[in-house]
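J.: Input my_file_1.pdb, format and content: PDB, C-alpha atoms.
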```pdb
ATOM      1  CA  ALA A 941      82.847 104.705  84.807  1.00  0.00           C
ATOM      2  CA  GLN A 942      85.663 102.224  84.914  1.00  0.00           C
ATOM      3  CA  SER A 943      86.708 100.956  88.303  1.00  0.00           C
ATOM      4  CA  VAL A 944      89.135  98.424  89.665  1.00  0.00           C
ATOM      5  CA  THR A 945      88.589  96.696  92.978  1.00  0.00           C
ATOM      6  CA  GLN A 946      91.259  94.903  94.925  1.00  0.00           C
ATOM      7  CA  LEU A 947      89.776  92.752  97.644  1.00  0.00           C
ATOM      8  CA  GLY A 948      91.867  92.860 100.767  1.00  0.00           C
ATOM      9  CA  SER A 949      94.037  95.849 101.517  1.00  0.00           C
ATOM     10  CA  HIS A 950      96.436  93.630 103.434  1.00  0.00           C
ATOM     11  CA  VAL A 951      97.423  90.037 102.770  1.00  0.00           C
ATOM     12  CA  SER A 952      99.790  88.084 104.980  1.00  0.00           C
ATOM     13  CA  VAL A 953     101.351  84.765 103.982  1.00  0.00           C
ATOM     14  CA  SER A 954     104.146  82.598 105.249  1.00  0.00           C
ATOM     15  CA  GLU A 955     107.316  82.229 103.244  1.00  0.00           C
ATOM     16  CA  GLY A 956     106.828  79.396 100.765  1.00  0.00           C
ATOM     17  CA  ALA A 957     103.045  79.659 100.807  1.00  0.00           C
ATOM     18  CA  LEU A 958     100.769  80.486  97.907  1.00  0.00           C
ATOM     19  CA  VAL A 959     100.187  84.141  97.171  1.00  0.00           C
ATOM     20  CA  LEU A 960      96.752  85.181  95.917  1.00  0.00           C
ATOM     21  CA  LEU A 961      95.921  88.845  95.369  1.00  0.00           C
ATOM     22  CA  ARG A 962      92.465  89.574  94.065  1.00  0.00           C
ATOM     23  CA  CYS A 963      91.443  92.078  91.430  1.00  0.00           C
ATOM     24  CA  ASN A 964      88.110  92.716  89.745  1.00  0.00           C
ATOM     25  CA  TYR A 965      87.561  95.127  86.891  1.00  0.00           C
ATOM     26  CA  SER A 966      84.412  96.772  85.630  1.00  0.00           C
ATOM     27  CA  SER A 967      84.900  97.354  81.915  1.00  0.00           C
ATOM     28  CA  SER A 968      82.356  95.770  79.615  1.00  0.00           C
ATOM     29  CA  VAL A 969      84.715  95.811  76.655  1.00  0.00           C
ATOM     30  CA  PRO A 970      87.883  93.748  76.399  1.00  0.00           C
ATOM     31  CA  PRO A 971      90.138  95.426  78.924  1.00  0.00           C
ATOM     32  CA  TYR A 972      93.836  96.020  79.143  1.00  0.00           C
ATOM     33  CA  LEU A 973      94.840  94.874  82.600  1.00  0.00           C
ATOM     34  CA  PHE A 974      98.056  95.254  84.505  1.00  0.00           C
ATOM     35  CA  TRP A 975      99.637  94.290  87.783  1.00  0.00           C
ATOM     36  CA  TYR A 976     102.325  96.535  89.233  1.00  0.00           C
ATOM     37  CA  VAL A 977     104.517  96.177  92.304  1.00  0.00           C
ATOM     38  CA  GLN A 978     105.783  99.075  94.376  1.00  0.00           C
ATOM     39  CA  TYR A 979     108.544  98.888  96.934  1.00  0.00           C
ATOM     40  CA  PRO A 980     108.793 101.618  99.599  1.00  0.00           C
ATOM     41  CA  ASN A 981     109.632 105.047  98.234  1.00  0.00           C
ATOM     42  CA  GLN A 982     109.928 103.744  94.694  1.00  0.00           C
ATOM     43  CA  GLY A 983     107.939 103.943  91.519  1.00  0.00           C
ATOM     44  CA  LEU A 984     105.881 101.154  90.018  1.00  0.00           C
ATOM     45  CA  GLN A 985     107.336  98.138  88.292  1.00  0.00           C
ATOM     46  CA  LEU A 986     105.271  96.159  85.826  1.00  0.00           C
ATOM     47  CA  LEU A 987     104.742  92.545  86.846  1.00  0.00           C
ATOM     48  CA  LEU A 988     102.557  91.474  83.962  1.00  0.00           C
ATOM     49  CA  LYS A 989      99.889  92.610  81.556  1.00  0.00           C
ATOM     50  CA  TYR A 990      96.846  91.136  79.869  1.00  0.00           C
ATOM     51  CA  THR A 991      96.409  92.019  76.223  1.00  0.00           C
ATOM     52  CA  SER A 992      93.847  89.397  75.147  1.00  0.00           C
ATOM     53  CA  ALA A 993      96.451  87.131  73.617  1.00  0.00           C
ATOM     54  CA  ALA A 994      96.133  84.517  76.369  1.00  0.00           C
ATOM     55  CA  THR A 995      94.019  84.263  79.471  1.00  0.00           C
ATOM     56  CA  LEU A 996      96.879  83.023  81.628  1.00  0.00           C
ATOM     57  CA  VAL A 997      99.600  85.600  81.761  1.00  0.00           C
ATOM     58  CA  LYS A 998     103.036  84.933  83.143  1.00  0.00           C
ATOM     59  CA  GLY A 999     105.063  87.769  84.564  1.00  0.00           C
ATOM     60  CA  ILE A1000     108.328  88.427  86.281  1.00  0.00           C
ATOM     61  CA  ASN A1001     109.492  86.987  89.592  1.00  0.00           C
ATOM     62  CA  GLY A1002     107.281  83.911  89.246  1.00  0.00           C
ATOM     63  CA  PHE A1003     103.988  85.769  89.268  1.00  0.00           C
ATOM     64  CA  GLU A1004     101.103  84.986  86.981  1.00  0.00           C
ATOM     65  CA  ALA A1005      97.520  86.115  86.582  1.00  0.00           C
ATOM     66  CA  GLU A1006      94.468  84.600  84.974  1.00  0.00           C
ATOM     67  CA  PHE A1007      91.899  86.642  83.109  1.00  0.00           C
ATOM     68  CA  LYS A1008      88.364  85.400  83.709  1.00  0.00           C
ATOM     69  CA  LYS A1009      85.780  87.311  81.747  1.00  0.00           C
ATOM     70  CA  SER A1010      82.834  85.564  83.377  1.00  0.00           C
ATOM     71  CA  GLU A1011      84.035  86.738  86.778  1.00  0.00           C
ATOM     72  CA  THR A1012      85.523  90.055  85.568  1.00  0.00           C
ATOM     73  CA  SER A1013      88.591  89.078  87.529  1.00  0.00           C
ATOM     74  CA  PHE A1014      92.340  89.196  87.048  1.00  0.00           C
ATOM     75  CA  HIS A1015      93.777  87.677  90.207  1.00  0.00           C
ATOM     76  CA  LEU A1016      97.518  87.565  90.774  1.00  0.00           C
ATOM     77  CA  THR A1017      99.161  84.412  92.067  1.00  0.00           C
ATOM     78  CA  LYS A1018     102.561  83.038  92.935  1.00  0.00           C
ATOM     79  CA  PRO A1019     103.059  79.434  94.040  1.00  0.00           C
ATOM     80  CA  SER A1020     105.677  80.115  96.683  1.00  0.00           C
ATOM     81  CA  ALA A1021     106.194  83.437  98.426  1.00  0.00           C
ATOM     82  CA  HIS A1022     109.648  84.846  99.066  1.00  0.00           C
ATOM     83  CA  MET A1023     110.513  87.410 101.669  1.00  0.00           C
ATOM     84  CA  SER A1024     111.481  89.754  98.844  1.00  0.00           C
ATOM     85  CA  ASP A1025     107.886  89.695  97.577  1.00  0.00           C
ATOM     86  CA  ALA A1026     106.771  91.874 100.472  1.00  0.00           C
ATOM     87  CA  ALA A1027     105.574  95.071  98.823  1.00  0.00           C
ATOM     88  CA  GLU A1028     102.517  96.968  97.647  1.00  0.00           C
ATOM     89  CA  TYR A1029     100.691  95.535  94.649  1.00  0.00           C
ATOM     90  CA  PHE A1030      98.412  97.462  92.341  1.00  0.00           C
ATOM     91  CA  CYS A1031      95.994  96.171  89.751  1.00  0.00           C
ATOM     92  CA  ALA A1032      95.155  98.601  86.962  1.00  0.00           C
ATOM     93  CA  GLU A1033      92.923  98.785  83.937  1.00  0.00           C
ATOM     94  CA  GLY A1034      93.919 100.759  80.883  1.00  0.00           C
ATOM     95  CA  SER A1035      91.693 102.837  78.667  1.00  0.00           C
ATOM     96  CA  SER A1036      92.257 102.254  74.982  1.00  0.00           C
ATOM     97  CA  ASN A1037      90.891 105.720  74.229  1.00  0.00           C
ATOM     98  CA  THR A1038      92.802 107.919  76.628  1.00  0.00           C
ATOM     99  CA  GLY A1039      95.703 105.720  77.626  1.00  0.00           C
ATOM    100  CA  LYS A1040      94.849 106.400  81.244  1.00  0.00           C
ATOM    101  CA  LEU A1041      95.248 103.776  83.918  1.00  0.00           C
ATOM    102  CA  ILE A1042      92.627 103.219  86.560  1.00  0.00           C
ATOM    103  CA  PHE A1043      94.253 101.805  89.678  1.00  0.00           C
ATOM    104  CA  GLY A1044      92.841  99.650  92.381  1.00  0.00           C
ATOM    105  CA  GLN A1045      93.318 100.608  95.984  1.00  0.00           C
ATOM    106  CA  GLY A1046      96.383  98.465  96.361  1.00  0.00           C
ATOM    107  CA  THR A1047      97.169  95.405  98.454  1.00  0.00           C
ATOM    108  CA  THR A1048     100.024  95.219 100.903  1.00  0.00           C
ATOM    109  CA  LEU A1049     101.632  91.800 100.862  1.00  0.00           C
ATOM    110  CA  GLN A1050     103.384  90.757 104.030  1.00  0.00           C
ATOM    111  CA  VAL A1051     105.562  87.648 103.981  1.00  0.00           C
ATOM    112  CA  LYS A1052     106.298  86.064 107.324  1.00  0.00           C
ATOM    113  CA  PRO A1053     109.373  83.909 107.889  1.00  0.00           C
TER     114      PRO A1053
ATOM    115  CA  GLY B 812     114.757  99.636  77.699  1.00  0.00           C
ATOM    116  CA  ALA B 813     111.781 101.874  78.583  1.00  0.00           C
ATOM    117  CA  VAL B 814     113.424 103.726  81.437  1.00  0.00           C
ATOM    118  CA  VAL B 815     111.870 106.803  82.984  1.00  0.00           C
ATOM    119  CA  SER B 816     113.802 109.017  85.342  1.00  0.00           C
ATOM    120  CA  GLN B 817     112.672 111.696  87.747  1.00  0.00           C
ATOM    121  CA  HIS B 818     114.631 114.505  89.302  1.00  0.00           C
ATOM    122  CA  PRO B 819     114.953 115.264  92.101  1.00  0.00           C
ATOM    123  CA  SER B 820     114.184 112.116  94.026  1.00  0.00           C
ATOM    124  CA  ARG B 821     113.610 114.070  97.182  1.00  0.00           C
ATOM    125  CA  VAL B 822     113.083 117.768  97.855  1.00  0.00           C
ATOM    126  CA  ILE B 823     112.406 119.786 100.979  1.00  0.00           C
ATOM    127  CA  CYS B 824     111.273 123.360 100.586  1.00  0.00           C
ATOM    128  CA  LYS B 825     109.800 126.184 102.579  1.00  0.00           C
ATOM    129  CA  SER B 826     106.158 127.101 102.357  1.00  0.00           C
ATOM    130  CA  GLY B 827     105.495 129.592  99.583  1.00  0.00           C
ATOM    131  CA  THR B 828     108.288 128.508  97.285  1.00  0.00           C
ATOM    132  CA  SER B 829     107.890 126.754  93.940  1.00  0.00           C
ATOM    133  CA  VAL B 830     109.342 123.379  93.135  1.00  0.00           C
ATOM    134  CA  LYS B 831     109.980 121.869  89.711  1.00  0.00           C
ATOM    135  CA  ILE B 832     110.074 118.127  89.134  1.00  0.00           C
ATOM    136  CA  GLU B 833     111.434 116.694  85.905  1.00  0.00           C
ATOM    137  CA  CYS B 834     110.350 113.501  84.234  1.00  0.00           C
ATOM    138  CA  ARG B 835     112.441 112.112  81.393  1.00  0.00           C
ATOM    139  CA  SER B 836     112.051 109.117  79.124  1.00  0.00           C
ATOM    140  CA  LEU B 837     115.617 107.964  78.597  1.00  0.00           C
ATOM    141  CA  ASP B 838     115.412 105.528  75.714  1.00  0.00           C
ATOM    142  CA  PHE B 839     112.136 106.182  73.959  1.00  0.00           C
ATOM    143  CA  GLN B 840     109.989 109.051  72.818  1.00  0.00           C
ATOM    144  CA  ALA B 841     107.019 109.611  75.063  1.00  0.00           C
ATOM    145  CA  THR B 842     104.051 111.038  73.244  1.00  0.00           C
ATOM    146  CA  THR B 843     102.102 111.103  76.464  1.00  0.00           C
ATOM    147  CA  MET B 844     103.204 111.519  80.038  1.00  0.00           C
ATOM    148  CA  PHE B 845     101.123 111.243  83.165  1.00  0.00           C
ATOM    149  CA  TRP B 846     101.552 112.778  86.591  1.00  0.00           C
ATOM    150  CA  TYR B 847     100.302 111.041  89.699  1.00  0.00           C
ATOM    151  CA  ARG B 848     100.177 111.898  93.342  1.00  0.00           C
ATOM    152  CA  GLN B 849     100.340 109.269  96.037  1.00  0.00           C
ATOM    153  CA  PHE B 850      99.565 109.747  99.716  1.00  0.00           C
ATOM    154  CA  PRO B 851     100.970 107.317 102.285  1.00  0.00           C
ATOM    155  CA  LYS B 852      99.376 103.895 102.185  1.00  0.00           C
ATOM    156  CA  GLN B 853      97.123 104.942  99.314  1.00  0.00           C
ATOM    157  CA  SER B 854      96.827 104.304  95.617  1.00  0.00           C
ATOM    158  CA  LEU B 855      98.003 106.564  92.830  1.00  0.00           C
ATOM    159  CA  MET B 856      95.786 109.500  91.963  1.00  0.00           C
ATOM    160  CA  LEU B 857      96.074 110.751  88.404  1.00  0.00           C
ATOM    161  CA  MET B 858      96.630 114.493  88.375  1.00  0.00           C
ATOM    162  CA  ALA B 859      97.036 115.248  84.696  1.00  0.00           C
ATOM    163  CA  THR B 860      97.870 113.941  81.278  1.00  0.00           C
ATOM    164  CA  SER B 861     100.388 115.804  79.184  1.00  0.00           C
ATOM    165  CA  ASN B 862     100.935 115.442  75.479  1.00  0.00           C
ATOM    166  CA  GLU B 863     104.003 116.815  73.784  1.00  0.00           C
ATOM    167  CA  GLY B 864     103.426 120.283  72.414  1.00  0.00           C
ATOM    168  CA  SER B 865      99.972 120.801  73.846  1.00  0.00           C
ATOM    169  CA  LYS B 866      98.371 121.875  77.084  1.00  0.00           C
ATOM    170  CA  ALA B 867      97.992 119.327  79.817  1.00  0.00           C
ATOM    171  CA  THR B 868      94.616 117.879  80.644  1.00  0.00           C
ATOM    172  CA  TYR B 869      93.916 118.008  84.353  1.00  0.00           C
ATOM    173  CA  GLU B 870      91.719 115.652  86.305  1.00  0.00           C
ATOM    174  CA  GLN B 871      88.749 117.022  88.142  1.00  0.00           C
ATOM    175  CA  GLY B 872      89.701 118.732  91.361  1.00  0.00           C
ATOM    176  CA  VAL B 873      93.333 119.338  90.420  1.00  0.00           C
ATOM    177  CA  GLU B 874      94.250 123.023  90.326  1.00  0.00           C
ATOM    178  CA  LYS B 875      95.997 123.729  87.046  1.00  0.00           C
ATOM    179  CA  ASP B 876      97.396 127.020  88.324  1.00  0.00           C
ATOM    180  CA  LYS B 877      98.835 125.230  91.300  1.00  0.00           C
ATOM    181  CA  PHE B 878     100.370 122.337  89.415  1.00  0.00           C
ATOM    182  CA  LEU B 879     101.903 123.607  86.203  1.00  0.00           C
ATOM    183  CA  ILE B 880     102.759 120.946  83.680  1.00  0.00           C
ATOM    184  CA  ASN B 881     104.930 121.445  80.632  1.00  0.00           C
ATOM    185  CA  HIS B 882     105.708 118.807  78.013  1.00  0.00           C
ATOM    186  CA  ALA B 883     108.091 120.652  75.758  1.00  0.00           C
ATOM    187  CA  SER B 884     109.738 117.673  74.112  1.00  0.00           C
ATOM    188  CA  LEU B 885     109.116 114.001  73.479  1.00  0.00           C
ATOM    189  CA  THR B 886     111.445 113.068  76.306  1.00  0.00           C
ATOM    190  CA  LEU B 887     110.765 115.656  78.988  1.00  0.00           C
ATOM    191  CA  SER B 888     107.798 116.738  81.041  1.00  0.00           C
ATOM    192  CA  THR B 889     107.957 118.976  84.087  1.00  0.00           C
ATOM    193  CA  LEU B 890     105.626 119.487  87.007  1.00  0.00           C
ATOM    194  CA  THR B 891     105.946 122.721  88.933  1.00  0.00           C
ATOM    195  CA  VAL B 892     104.242 122.996  92.274  1.00  0.00           C
ATOM    196  CA  THR B 893     103.699 126.709  92.703  1.00  0.00           C
ATOM    197  CA  SER B 894     103.569 128.432  96.083  1.00  0.00           C
ATOM    198  CA  ALA B 895     103.861 125.113  97.820  1.00  0.00           C
ATOM    199  CA  HIS B 896     102.184 124.555 101.167  1.00  0.00           C
ATOM    200  CA  PRO B 897     102.497 121.710 103.671  1.00  0.00           C
ATOM    201  CA  GLU B 898      99.371 120.039 102.277  1.00  0.00           C
ATOM    202  CA  ASP B 899     101.198 119.664  98.962  1.00  0.00           C
ATOM    203  CA  SER B 900     103.677 117.339 100.626  1.00  0.00           C
ATOM    204  CA  SER B 901     103.354 114.015  98.874  1.00  0.00           C
ATOM    205  CA  PHE B 902     104.987 111.457  96.625  1.00  0.00           C
ATOM    206  CA  TYR B 903     104.766 112.502  92.990  1.00  0.00           C
ATOM    207  CA  ILE B 904     105.200 109.890  90.281  1.00  0.00           C
ATOM    208  CA  CYS B 905     105.338 110.358  86.551  1.00  0.00           C
ATOM    209  CA  SER B 906     104.851 107.807  83.843  1.00  0.00           C
ATOM    210  CA  ALA B 907     105.407 107.800  80.123  1.00  0.00           C
ATOM    211  CA  ARG B 908     103.686 106.045  77.274  1.00  0.00           C
ATOM    212  CA  ASP B 909     105.462 105.424  74.014  1.00  0.00           C
ATOM    213  CA  GLY B 910     102.371 105.176  71.881  1.00  0.00           C
ATOM    214  CA  GLN B 911     103.284 101.736  70.668  1.00  0.00           C
ATOM    215  CA  GLY B 912     102.695  99.476  73.609  1.00  0.00           C
ATOM    216  CA  LEU B 913      99.196  98.465  74.517  1.00  0.00           C
ATOM    217  CA  ASN B 914      98.535 101.298  76.924  1.00  0.00           C
ATOM    218  CA  GLU B 915     101.545 100.320  78.954  1.00  0.00           C
ATOM    219  CA  GLN B 916     102.958 103.098  81.045  1.00  0.00           C
ATOM    220  CA  PHE B 917     106.529 103.144  82.284  1.00  0.00           C
ATOM    221  CA  PHE B 918     106.912 104.711  85.677  1.00  0.00           C
ATOM    222  CA  GLY B 919     109.558 106.950  87.127  1.00  0.00           C
ATOM    223  CA  PRO B 920     110.985 106.309  90.591  1.00  0.00           C
ATOM    224  CA  GLY B 921     108.997 109.120  92.165  1.00  0.00           C
ATOM    225  CA  THR B 922     109.792 112.378  93.932  1.00  0.00           C
ATOM    226  CA  ARG B 923     109.181 112.886  97.627  1.00  0.00           C
ATOM    227  CA  LEU B 924     108.163 116.499  98.250  1.00  0.00           C
ATOM    228  CA  THR B 925     108.163 117.832 101.783  1.00  0.00           C
ATOM    229  CA  VAL B 926     106.968 121.389 102.364  1.00  0.00           C
ATOM    230  CA  LEU B 927     107.883 122.862 105.707  1.00  0.00           C
TER     231      LEU B 927
END
```
Please go through the file and, once you have read it, give me the structure as structure tokens.
T.:
Amino acid sequence: AQSVTQLGSHVSVSEGALVLLRCNYSSSVPPYLFWYVQYPNQGLQLLLKYTSAATLVKGINGFEAEFKKSETSFHLTKPSAHMSDAAEYFCAEGSSNTGKLIFGQGTTLQVKP
Amino acid sequence: GAVVSQHPSRVICKSGTSVKIECRSLDFQATTMFWYRQFPKQSLMLMATSNEGSKATYEQGVEKDKFLINHASLTLSTLTVTSAHPEDSSFYICSARDGQGLNEQFFGPGTRLTVL
């Protein structure tokens, strides 16, 4: 069964520091991978998606993620954290057959001034 | 583009009543809609998949008689929580897929249900 693992349920960085949120997927076939952000009491907003066109994917708000097949990883990064980046981040893998998304457990990003 | 709305955003009801939540795709036709439930500080749990004009497919452990899903048109799906109880209190989120994007789902803003 497909599974998505996000290492670290809580990540804390200082404003201006590098953000690194980790995600590992399990699919043995080329996956569809997504990163979403969720602010309190809101739905999910797509940050970026991997569709096999390029291994380095750039998203909104300065975020990017690199697909590494050898490591089955799709880690999310941002060079310089802003206070407004504080939120919950979800990595997800999509099924090409069912269209379903399998979500990771989520990572809470805290940005300290 | 690709906007999904949910109504209501917040609802408080008494135990034993039924609550209907609407999910609409505003600027595209959604062949498939998904309903999720999210508990505080937890990830999204898929409840069911609904396809326009057919019965919803429920995930294991989700009571289909408890959570009635209707997808009557390409832009509207509804989730009815029947005979709601306090344990049904949660954040319910819908998403819609337009059938063209690569499995991308567009999410609604969510509905906070509180059952007293």
J.: Rank nothing, just name the residue among A:Ala1032, A:Ala1021, A:Val944, A:Leu984 nearest to chain B, using only C-alpha atoms.
T.: A:Leu984
J.: Per residue of chain B within 9 Å of chain A, which atom pair is closest and at what distance in Å (one decimal), using only C-alpha atoms, listed by chain and increasing number, as a tab-separated table?
T.:
```
residue	atom	partner	partner_atom	distance
B:Thr843	CA	A:Gly1039	CA	8.4
B:Phe845	CA	A:Lys1040	CA	8.2
B:Lys852	CA	A:Gly1046	CA	8.5
B:Gln853	CA	A:Gln1045	CA	6.7
B:Ser854	CA	A:Gln1045	CA	5.1
B:Leu855	CA	A:Phe1043	CA	6.8
B:Met856	CA	A:Phe1043	CA	8.2
B:Leu857	CA	A:Leu1041	CA	8.3
B:Thr860	CA	A:Lys1040	CA	8.1
B:Phe902	CA	A:Asn981	CA	8.1
B:Ile904	CA	A:Gly983	CA	6.7
B:Cys905	CA	A:Gly983	CA	8.5
B:Arg908	CA	A:Gly1039	CA	8.0
B:Gly910	CA	A:Gly1039	CA	8.8
B:Leu913	CA	A:Thr991	CA	7.2
B:Asn914	CA	A:Gly1039	CA	5.3
B:Glu915	CA	A:Gly1034	CA	7.9
B:Gln916	CA	A:Leu1041	CA	8.3
B:Phe917	CA	A:Gln985	CA	7.9
B:Phe918	CA	A:Leu984	CA	5.7
B:Gly919	CA	A:Gly983	CA	5.6
B:Pro920	CA	A:Gly983	CA	4.0
B:Gly921	CA	A:Gly983	CA	5.3
B:Thr922	CA	A:Asn981	CA	8.5
B:Arg923	CA	A:Asn981	CA	7.9
```
J.: Please produce a file of those selected residues containing C-alpha atoms, as an mmCIF file, in the frame of the given file.
T.:
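Writing done, so here's result_7.cif:
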```
data_model
loop_
_atom_site.group_PDB
_atom_site.id
_atom_site.type_symbol
_atom_site.label_atom_id
_atom_site.label_comp_id
_atom_site.auth_asym_id
_atom_site.auth_seq_id
_atom_site.Cartn_x
_atom_site.Cartn_y
_atom_site.Cartn_z
ATOM 1 C CA THR B 843 102.102 111.103 76.464
ATOM 2 C CA PHE B 845 101.123 111.243 83.165
ATOM 3 C CA LYS B 852 99.376 103.895 102.185
ATOM 4 C CA GLN B 853 97.123 104.942 99.314
ATOM 5 C CA SER B 854 96.827 104.304 95.617
ATOM 6 C CA LEU B 855 98.003 106.564 92.830
ATOM 7 C CA MET B 856 95.786 109.500 91.963
ATOM 8 C CA LEU B 857 96.074 110.751 88.404
ATOM 9 C CA THR B 860 97.870 113.941 81.278
ATOM 10 C CA PHE B 902 104.987 111.457 96.625
ATOM 11 C CA ILE B 904 105.200 109.890 90.281
ATOM 12 C CA CYS B 905 105.338 110.358 86.551
ATOM 13 C CA ARG B 908 103.686 106.045 77.274
ATOM 14 C CA GLY B 910 102.371 105.176 71.881
ATOM 15 C CA LEU B 913 99.196 98.465 74.517
ATOM 16 C CA ASN B 914 98.535 101.298 76.924
ATOM 17 C CA GLU B 915 101.545 100.320 78.954
ATOM 18 C CA GLN B 916 102.958 103.098 81.045
ATOM 19 C CA PHE B 917 106.529 103.144 82.284
ATOM 20 C CA PHE B 918 106.912 104.711 85.677
ATOM 21 C CA GLY B 919 109.558 106.950 87.127
ATOM 22 C CA PRO B 920 110.985 106.309 90.591
ATOM 23 C CA GLY B 921 108.997 109.120 92.165
ATOM 24 C CA THR B 922 109.792 112.378 93.932
ATOM 25 C CA ARG B 923 109.181 112.886 97.627
#
```
J.: Go through B:Val822, B:Phe850, B:Ala813, B:Glu833 one by one, measure the shortest atom-to-atom distance of each to Thr891 of chain B using only C-alpha atoms, and give the residue with the smallest value.
T.: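 Going through B:Val822, B:Phe850, B:Ala813, B:Glu833 one by one, the smallest distance to Thr891 of chain B is for B:Glu833.
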J.: So how many Å separate atom CA of Arg835 of chain B and atom CA of Ile880 of chain B, to one decimal?
T.: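 Rounded to one decimal, the two atoms are 13.3 Å apart.
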J.: Quick one: residues within 9 Å of Phe1007 of chain A, all atoms listed in the file, excluding same-chain residues fewer than 2 positions away - as a PyMOL selection string?
T.: chain A and resi 973+990+992+994-997+1005+1009+1011-1015
